[in-house]
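As stored in final02.txt (compact mmCIF, C-alpha atoms and all ligand atoms):
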# COMPACT_ATOMS: atom_id res chain seq x y z
CA MET A 1 10.46 6.49 21.51
CA ARG A 2 13.55 4.97 23.17
CA LEU A 3 12.73 6.66 26.46
CA LEU A 4 9.21 5.25 26.49
CA LYS A 5 10.40 1.92 25.09
CA ILE A 6 7.96 2.11 22.17
CA THR A 7 8.81 -0.12 19.23
CA PHE A 8 7.11 -0.67 15.88
CA VAL A 9 8.16 -4.28 15.62
CA LYS A 10 8.24 -7.02 18.25
CA GLU A 11 11.72 -7.64 19.72
CA ALA A 12 11.43 -11.39 18.97
CA ASP A 13 10.67 -10.66 15.27
CA VAL A 14 13.68 -8.33 15.05
CA GLU A 15 15.85 -11.10 16.50
CA ILE A 16 14.71 -13.60 13.83
CA LEU A 17 15.46 -11.16 11.01
CA LYS A 18 18.77 -10.15 12.62
CA LYS A 19 19.84 -13.79 12.86
CA HIS A 20 19.02 -14.49 9.21
CA VAL A 21 20.64 -11.33 7.87
CA CYS A 22 23.79 -11.68 9.99
CA ASN A 23 24.21 -15.36 9.09
CA THR A 24 23.70 -14.58 5.40
CA LEU A 25 26.23 -11.74 5.52
CA LYS A 26 28.77 -13.96 7.26
CA LEU A 27 28.30 -16.82 4.80
CA ARG A 28 28.46 -14.57 1.73
CA ARG A 29 31.68 -12.94 2.97
CA LYS A 30 33.28 -16.22 3.99
CA CYS A 31 32.46 -18.16 0.85
CA GLU A 32 32.50 -15.13 -1.46
CA LEU A 33 29.09 -16.15 -2.75
CA ASP A 34 27.53 -13.92 -5.38
CA ARG A 35 23.74 -13.88 -5.50
CA LYS A 36 21.65 -11.37 -7.39
CA ASN A 37 19.46 -10.15 -4.58
CA LEU A 38 18.95 -7.38 -2.05
CA ILE A 39 21.59 -8.48 0.46
CA GLN A 40 24.21 -8.73 -2.31
CA PHE A 41 23.23 -5.30 -3.59
CA LEU A 42 23.57 -3.78 -0.13
CA MET A 43 26.91 -5.54 0.40
CA GLU A 44 28.15 -4.04 -2.85
CA CYS A 45 27.05 -0.54 -1.74
CA ASP A 46 29.04 -1.32 1.37
CA LYS A 47 32.18 -2.02 -0.66
CA GLN A 48 31.85 1.10 -2.81
CA LYS A 49 31.00 3.67 -0.18
CA GLU A 50 32.38 2.12 2.99
CA MET A 51 29.40 3.41 4.90
CA LEU A 52 26.91 0.62 5.30
CA THR A 53 27.35 -1.13 8.62
CA ASP A 54 25.75 -4.52 9.21
CA GLU A 55 23.16 -2.72 11.28
CA ALA A 56 22.36 -0.40 8.37
CA ILE A 57 22.02 -3.41 6.04
CA LEU A 58 19.71 -5.04 8.56
CA SER A 59 17.54 -1.95 8.84
CA GLN A 60 17.30 -1.66 5.04
CA VAL A 61 16.21 -5.30 4.81
CA ALA A 62 13.72 -4.82 7.65
CA GLY A 63 12.42 -1.61 6.04
CA LEU A 64 11.87 -3.25 2.67
CA PHE A 65 10.27 -6.24 4.36
CA LEU A 66 7.79 -4.01 6.18
CA ALA A 67 7.16 -1.75 3.18
CA SER A 68 6.55 -4.60 0.78
CA PHE A 69 4.55 -7.26 2.65
CA ASP A 70 2.21 -5.51 5.00
CA THR A 71 0.96 -2.84 2.61
CA PRO A 72 -0.31 -5.00 -0.28
CA ALA A 73 -1.62 -7.59 2.21
CA ASN A 74 -3.63 -4.89 3.95
CA LEU A 75 -4.87 -3.41 0.69
CA LEU A 76 -6.12 -6.84 -0.31
CA ALA A 77 -7.79 -7.33 3.08
CA VAL A 78 -9.73 -4.04 2.97
CA LEU A 79 -10.58 -4.52 -0.70
CA ALA A 80 -12.03 -7.95 0.13
CA TYR A 81 -13.97 -6.39 3.01
CA GLU A 82 -15.45 -3.67 0.79
CA LEU A 83 -16.42 -6.27 -1.81
CA ALA A 84 -18.06 -8.40 0.89
CA ILE A 85 -20.21 -5.55 2.19
CA ASN A 86 -20.93 -4.12 -1.27
CA GLN A 87 -22.26 -7.18 -3.06
CA ASP A 88 -23.63 -5.07 -5.95
CA ILE A 89 -20.09 -3.83 -6.67
CA GLN A 90 -18.77 -7.37 -6.36
CA ASP A 91 -21.36 -8.50 -8.93
CA LYS A 92 -20.03 -5.94 -11.42
CA LEU A 93 -16.48 -7.04 -10.75
CA ILE A 94 -17.29 -10.74 -11.10
CA LYS A 95 -18.93 -9.97 -14.45
CA GLU A 96 -15.77 -8.22 -15.53
CA VAL A 97 -13.55 -11.06 -14.31
CA ASP A 98 -15.67 -13.56 -16.27
CA GLU A 99 -15.50 -11.44 -19.41
CA ILE A 100 -11.72 -11.17 -19.25
CA LEU A 101 -11.51 -14.90 -18.50
CA LYS A 102 -13.63 -15.70 -21.56
CA LYS A 103 -11.35 -13.57 -23.73
CA CYS A 104 -8.41 -15.56 -22.40
CA THR A 105 -10.17 -18.86 -23.14
CA ASN A 106 -10.62 -19.58 -19.45
CA GLU A 107 -6.95 -19.80 -18.66
CA LEU A 108 -5.46 -17.79 -15.84
CA SER A 109 -2.42 -17.07 -17.88
CA LYS A 110 0.02 -14.40 -18.96
CA THR A 111 -2.63 -12.91 -21.24
CA ILE A 112 -4.66 -11.98 -18.17
CA LEU A 113 -1.66 -10.20 -16.73
CA VAL A 114 -1.50 -8.17 -19.90
CA TYR A 115 -5.23 -7.35 -19.73
CA LEU A 116 -4.96 -6.34 -16.09
CA GLN A 117 -1.81 -4.31 -16.68
CA LEU A 118 -3.32 -2.42 -19.57
CA GLU A 119 -6.21 -1.64 -17.24
CA LEU A 120 -8.70 -3.11 -19.70
CA GLY A 121 -10.63 -4.05 -16.60
CA ILE A 122 -12.79 -0.98 -15.94
CA VAL A 123 -14.31 -1.76 -12.55
CA LEU A 124 -11.25 -3.16 -10.80
CA PRO A 125 -8.89 -0.14 -11.08
CA PHE A 126 -11.51 2.28 -9.64
CA LEU A 127 -12.28 -0.15 -6.87
CA ILE A 128 -8.65 -0.42 -5.86
CA THR A 129 -8.14 3.33 -6.05
CA GLU A 130 -11.18 4.01 -3.86
CA THR A 131 -10.00 1.36 -1.38
CA LEU A 132 -6.62 3.10 -1.22
CA ARG A 133 -8.39 6.39 -0.57
CA LEU A 134 -10.66 5.18 2.20
CA TRP A 135 -8.13 2.83 3.80
CA PRO A 136 -4.61 4.07 3.03
CA THR A 137 -2.40 1.64 4.95
CA THR A 138 0.31 4.23 5.35
CA THR A 139 -1.47 6.96 7.27
CA PHE A 140 1.24 9.58 6.94
CA THR A 141 4.66 10.12 5.49
CA ASP A 142 7.38 12.61 6.34
CA ARG A 143 9.92 14.90 4.77
CA VAL A 144 12.74 17.05 6.05
CA SER A 145 13.38 20.50 4.68
CA VAL A 146 16.77 20.90 2.96
CA LYS A 147 16.31 24.57 2.06
CA PRO A 148 14.83 27.50 3.98
CA TYR A 149 11.34 28.25 2.71
CA MET A 150 8.51 30.65 3.48
CA ILE A 151 4.99 29.25 3.34
CA GLN A 152 2.71 32.13 2.33
CA PRO A 153 -0.64 32.55 4.10
CA LYS A 154 -3.73 31.36 2.26
CA THR A 155 -6.33 33.14 4.37
CA GLU A 156 -6.47 36.45 6.28
CA ASN A 157 -6.16 34.73 9.65
CA GLU A 158 -2.92 32.97 8.77
CA LYS A 159 0.62 34.31 9.14
CA PRO A 160 3.57 33.46 6.88
CA LEU A 161 5.42 30.42 8.20
CA GLN A 162 9.22 30.33 7.98
CA VAL A 163 10.54 26.80 7.48
CA ASP A 164 14.17 26.34 8.49
CA VAL A 165 16.56 23.73 7.20
CA GLY A 166 16.08 20.50 9.12
CA THR A 167 12.37 21.05 9.87
CA TYR A 168 10.38 17.81 9.82
CA PHE A 169 6.98 17.62 8.15
CA TRP A 170 4.35 15.00 8.55
CA LEU A 171 2.09 14.67 5.52
CA PRO A 172 -1.27 13.39 6.79
CA ILE A 173 -2.27 10.96 4.01
CA TYR A 174 -5.22 9.45 5.91
CA ALA A 175 -6.58 12.86 6.94
CA LEU A 176 -6.29 14.27 3.40
CA HIS A 177 -8.10 11.25 1.96
CA ARG A 178 -10.97 11.70 4.43
CA ASP A 179 -11.25 15.48 4.26
CA PRO A 180 -14.75 16.41 3.02
CA LYS A 181 -13.22 19.48 1.37
CA TYR A 182 -11.47 17.19 -1.10
CA PHE A 183 -13.66 14.09 -1.01
CA PRO A 184 -17.33 14.88 -0.32
CA ASN A 185 -19.07 12.34 1.90
CA PRO A 186 -15.61 10.92 2.65
CA THR A 187 -16.58 7.80 4.60
CA LYS A 188 -18.70 6.51 1.72
CA PHE A 189 -17.03 3.83 -0.39
CA ASP A 190 -17.69 5.18 -3.84
CA PRO A 191 -15.43 3.92 -6.66
CA GLU A 192 -17.23 6.29 -9.06
CA ARG A 193 -15.12 9.15 -7.64
CA PHE A 194 -12.28 7.86 -9.76
CA ALA A 195 -14.32 7.21 -12.90
CA ASP A 196 -13.12 9.18 -15.93
CA LYS A 197 -16.04 11.61 -15.73
CA ASN A 198 -15.17 12.56 -12.10
CA LYS A 199 -11.36 12.33 -12.15
CA GLU A 200 -10.92 16.05 -12.80
CA LYS A 201 -12.62 16.94 -9.52
CA ILE A 202 -9.75 15.43 -7.55
CA GLN A 203 -7.30 18.13 -6.55
CA PRO A 204 -3.60 17.43 -7.09
CA TYR A 205 -1.72 16.12 -4.03
CA THR A 206 -4.87 15.29 -2.07
CA PHE A 207 -4.81 11.62 -3.06
CA ILE A 208 -1.39 10.21 -2.17
CA PRO A 209 -1.67 6.57 -1.01
CA PHE A 210 1.83 5.87 -2.38
CA GLY A 211 3.34 9.15 -1.24
CA ILE A 212 4.64 11.58 -3.80
CA GLY A 213 7.69 12.82 -5.66
CA PRO A 214 11.12 11.25 -6.09
CA ARG A 215 10.82 9.47 -2.71
CA GLY A 216 7.37 8.09 -3.39
CA CYS A 217 6.76 4.33 -3.21
CA ILE A 218 9.15 2.51 -5.52
CA ALA A 219 6.71 -0.31 -6.15
CA SER A 220 3.27 1.26 -6.62
CA ARG A 221 2.75 -0.32 -10.04
CA PHE A 222 3.90 -3.70 -8.84
CA ALA A 223 1.63 -3.46 -5.78
CA LEU A 224 -1.39 -2.56 -7.91
CA LEU A 225 -0.74 -5.34 -10.39
CA GLU A 226 -0.16 -7.85 -7.61
CA THR A 227 -3.49 -6.88 -5.99
CA LYS A 228 -5.35 -7.10 -9.30
CA VAL A 229 -3.93 -10.55 -10.05
CA ILE A 230 -4.79 -11.93 -6.61
CA ILE A 231 -8.34 -10.55 -6.53
CA PHE A 232 -8.82 -11.77 -10.10
CA HIS A 233 -7.76 -15.31 -9.12
CA ILE A 234 -10.00 -15.31 -6.04
CA LEU A 235 -13.09 -14.02 -7.83
CA SER A 236 -12.67 -16.41 -10.73
CA LYS A 237 -13.49 -19.19 -8.24
CA PHE A 238 -15.14 -17.61 -5.22
CA ARG A 239 -17.50 -14.92 -4.03
CA ILE A 240 -16.33 -12.98 -0.97
CA ALA A 241 -18.94 -12.75 1.79
CA THR A 242 -19.34 -11.51 5.34
CA VAL A 243 -19.68 -14.15 8.05
CA GLU A 244 -20.89 -14.06 11.65
CA GLU A 245 -17.45 -13.05 12.91
CA THR A 246 -17.06 -10.15 10.46
CA GLU A 247 -16.68 -6.97 12.45
CA MET A 248 -18.89 -4.22 11.04
CA PRO A 249 -18.10 -1.40 10.77
CA PHE A 250 -14.44 -2.10 10.10
CA MET A 251 -12.42 -0.96 13.13
CA LEU A 252 -8.86 0.27 12.87
CA SER A 253 -6.25 -0.90 15.32
CA LYS A 254 -5.33 1.49 18.12
CA LYS A 255 -1.94 -0.19 18.45
CA SER A 256 -0.61 0.47 14.97
CA ILE A 257 0.52 3.63 13.22
CA ASN A 258 -0.79 2.04 10.03
CA ALA A 259 -4.49 1.90 9.15
CA VAL A 260 -4.90 -1.82 9.77
CA SER A 261 -7.35 -3.92 11.73
CA ASP A 262 -6.35 -6.01 14.75
CA SER A 263 -8.36 -9.05 13.90
CA GLY A 264 -8.87 -9.40 10.24
CA PRO A 265 -11.22 -8.57 8.67
CA VAL A 266 -12.66 -12.06 9.01
CA LEU A 267 -14.48 -12.94 5.79
CA GLY A 268 -15.88 -16.00 4.07
CA LEU A 269 -15.40 -17.46 0.60
CA GLN A 270 -18.28 -19.08 -1.26
CA MET A 271 -17.39 -21.38 -4.11
CA ARG A 272 -18.81 -20.01 -7.37
CA LYS A 273 -20.37 -22.29 -9.95
CA THR A 274 -17.75 -23.05 -12.61
CA GLN A 275 -18.23 -21.03 -15.78
C1 LIG B 1 -0.53 -1.19 -1.66
C2 LIG B 1 0.75 -1.30 -1.43
C3 LIG B 1 1.66 -0.20 -1.02
C4 LIG B 1 1.39 1.03 -0.47
C5 LIG B 1 0.01 1.62 -0.13
C6 LIG B 1 2.65 1.70 -0.28
C7 LIG B 1 2.78 2.98 0.24
C8 LIG B 1 3.98 3.63 0.40
C9 LIG B 1 4.13 4.99 0.90
C10 LIG B 1 2.99 5.92 1.33
C11 LIG B 1 5.45 5.28 0.91
C12 LIG B 1 6.08 6.60 1.34
C13 LIG B 1 6.29 7.44 0.10
C14 LIG B 1 6.58 8.91 0.36
O1 LIG B 1 7.05 9.27 1.44
O2 LIG B 1 6.36 9.74 -0.57
C15 LIG B 1 6.15 4.11 0.41
C16 LIG B 1 7.52 4.02 0.26
C17 LIG B 1 8.18 2.88 -0.10
N1 LIG B 1 7.62 1.71 -0.56
FE1 LIG B 1 5.65 1.33 -0.74
N2 LIG B 1 3.67 0.88 -0.69
C18 LIG B 1 3.11 -0.30 -1.14
C19 LIG B 1 3.79 -1.39 -1.65
C20 LIG B 1 5.14 -1.53 -1.69
C21 LIG B 1 5.86 -2.69 -2.18
C22 LIG B 1 5.17 -3.95 -2.73
C23 LIG B 1 7.19 -2.44 -2.06
C24 LIG B 1 8.39 -3.27 -2.44
C25 LIG B 1 8.36 -4.33 -3.21
C26 LIG B 1 7.32 -1.10 -1.52
C27 LIG B 1 8.52 -0.48 -1.27
C28 LIG B 1 8.65 0.82 -0.81
C29 LIG B 1 9.92 1.47 -0.53
C30 LIG B 1 11.31 0.85 -0.66
C31 LIG B 1 9.64 2.76 -0.11
C32 LIG B 1 10.63 3.85 0.30
C33 LIG B 1 10.99 4.67 -0.92
C34 LIG B 1 12.01 5.75 -0.61
O3 LIG B 1 12.18 6.12 0.56
O4 LIG B 1 12.64 6.27 -1.56
N3 LIG B 1 6.07 -0.59 -1.32
N4 LIG B 1 5.24 3.14 0.09
Can you dump the structure from the file as structure tokens?
Ligand code: HEM
Amino acid sequence: MRLLKITFVKEADVEILKKHVCNTLKLRRKCELDRKNLIQFLMECDKQKEMLTDEAILSQVAGLFLASFDTPANLLAVLAYELAINQDIQDKLIKEVDEILKKCTNELSKTILVYLQLELGIVLPFLITETLRLWPTTTFTDRVSVKPYMIQPKTENEKPLQVDVGTYFWLPIYALHRDPKYFPNPTKFDPERFADKNKEKIQPYTFIPFGIGPRGCIASRFALLETKVIIFHILSKFRIATVEETEMPFMLSKKSINAVSDSGPVLGLQMRKTQ
């Protein structure tokens, strides 16, 4: 990557983040400020283990920034797109939103959070899950082997594969999610796949939008709740629609390692009649 000068993030953006993090570190050290946030936490790790350089702190901040903003934003974007092109599904969801709203006496309040968290909404969770299947923002993840291991052949044509310590693996999330062996008719947006009656058909470890195991996403529940709350707020007032500029079918960027679009998707909002 260095040789070919390929970067994930624009140099100018790195500079902005670097400036903020370095200034904050300097100020905190100089004035011995104590704030309960990420930078403070990383500075305290620094004190205990004497191993976090300023560069390491910066890369942790940048990593969390990338992991936490882009992914839910993209999920919301593709979910909105799917709702715009599947108006029948949006109708069902709007009905559900209105029902929950009625129960909460028309107030977008804490009670709604509780309803959404308890997954009382039936349509919304399946919709989000299917969106994560068809459009997993993180297209792959990786692991490194810490123990030697022999992968046994599954078919006659395969040979055993010895995995040495230090071997890197790429786990192809996007490819698994679109493999017809695991998800028949994989390009079809079909939230019913995740309905209770079909759940059992999904093979373990084939649906991994948040990764898996002890190093899986730390914030999957937060991300799901955040998405539910935002879509709930939008649909309580608007209907999401395609407009002239909406690119159909949805095209993924060729410049990103994530499954994101370059230009949008561009969508429209139509004000709904107040309930
Ligand atoms: C829809 C939203 C999100 C998706 C699809 C997503 C997806 C992922 C994936 C696939 C991984 C790799 C897991 C693995 O290798 O097993 C990951 C890791 C991570 N995610 Fe998320 N993520 C989302 C939201 C967030 C948010 C909101 C935050 C923070 C507030 C966050 C923080 C992290 C962190 C810190 C890691 C690294 C965990 C580790 O290495 O131990 N993610 N995420």
For ligand LIG 1 (chain B), collect every residue having any atom at a distance of at most 7 Å from a ligand atom (counting all atoms listed in the file); output as an mmCIF file with C-alpha atoms, keeping the file's coordinate frame.
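Wrote it out as selection.cif, contents follow:
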data_model
loop_
_atom_site.group_PDB
_atom_site.id
_atom_site.type_symbol
_atom_site.label_atom_id
_atom_site.label_comp_id
_atom_site.auth_asym_id
_atom_site.auth_seq_id
_atom_site.Cartn_x
_atom_site.Cartn_y
_atom_site.Cartn_z
ATOM 1 C CA LEU A 64 11.870 -3.250 2.670
ATOM 2 C CA ALA A 67 7.160 -1.750 3.180
ATOM 3 C CA SER A 68 6.550 -4.600 0.780
ATOM 4 C CA PHE A 69 4.550 -7.260 2.650
ATOM 5 C CA THR A 71 0.960 -2.840 2.610
ATOM 6 C CA PRO A 72 -0.310 -5.000 -0.280
ATOM 7 C CA LEU A 75 -4.870 -3.410 0.690
ATOM 8 C CA LEU A 132 -6.620 3.100 -1.220
ATOM 9 C CA PRO A 136 -4.610 4.070 3.030
ATOM 10 C CA THR A 137 -2.400 1.640 4.950
ATOM 11 C CA THR A 138 0.310 4.230 5.350
ATOM 12 C CA PHE A 140 1.240 9.580 6.940
ATOM 13 C CA THR A 141 4.660 10.120 5.490
ATOM 14 C CA ASP A 142 7.380 12.610 6.340
ATOM 15 C CA PRO A 209 -1.670 6.570 -1.010
ATOM 16 C CA PHE A 210 1.830 5.870 -2.380
ATOM 17 C CA GLY A 211 3.340 9.150 -1.240
ATOM 18 C CA ILE A 212 4.640 11.580 -3.800
ATOM 19 C CA GLY A 213 7.690 12.820 -5.660
ATOM 20 C CA PRO A 214 11.120 11.250 -6.090
ATOM 21 C CA ARG A 215 10.820 9.470 -2.710
ATOM 22 C CA GLY A 216 7.370 8.090 -3.390
ATOM 23 C CA CYS A 217 6.760 4.330 -3.210
ATOM 24 C CA ILE A 218 9.150 2.510 -5.520
ATOM 25 C CA ALA A 219 6.710 -0.310 -6.150
ATOM 26 C CA SER A 220 3.270 1.260 -6.620
ATOM 27 C CA PHE A 222 3.900 -3.700 -8.840
ATOM 28 C CA ALA A 223 1.630 -3.460 -5.780
ATOM 29 C CA LEU A 224 -1.390 -2.560 -7.910
#
Neighbour list for Val144 in chain A as a PDB file with C-alpha atoms, in the coordinates of the input, cut-off 6 Å, all atoms listed in the file, skip fewer than 3 positions in-chain:
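What follows is the written file around07.pdb:
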ATOM      1  CA  GLY A 166      16.080  20.500   9.120  1.00  0.00           C
ATOM      2  CA  THR A 167      12.370  21.050   9.870  1.00  0.00           C
ATOM      3  CA  TYR A 168      10.380  17.810   9.820  1.00  0.00           C
TER       4      TYR A 168
END
For this session: Can you pull out every residue within 10 Å of Phe232 in chain A, counting all atoms listed in the file, but drop anything in the same chain fewer than 3 positions away, and send it as a list of chain:residue names?
Result: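 Counting only the stated atoms, we get A:Leu93, A:Ile94, A:Glu96, A:Val97, A:Asp98, A:Ile100, A:Leu101, A:Leu108, A:Ile112, A:Leu113, A:Leu116, A:Leu124, A:Glu226, A:Thr227, A:Lys228, A:Val229, A:Leu235, A:Ser236, A:Lys237, A:Phe238.
By chain and then residue number, the residues within 8 Å of Gln152 in chain A are Lys159, Pro160 and Leu161 of chain A, counting only C-alpha atoms and disregarding those fewer than 3 positions away in sequence.
Separating CA of Ala56 in chain A from CA of Ser253 in chain A is a distance of 29.4 Å.
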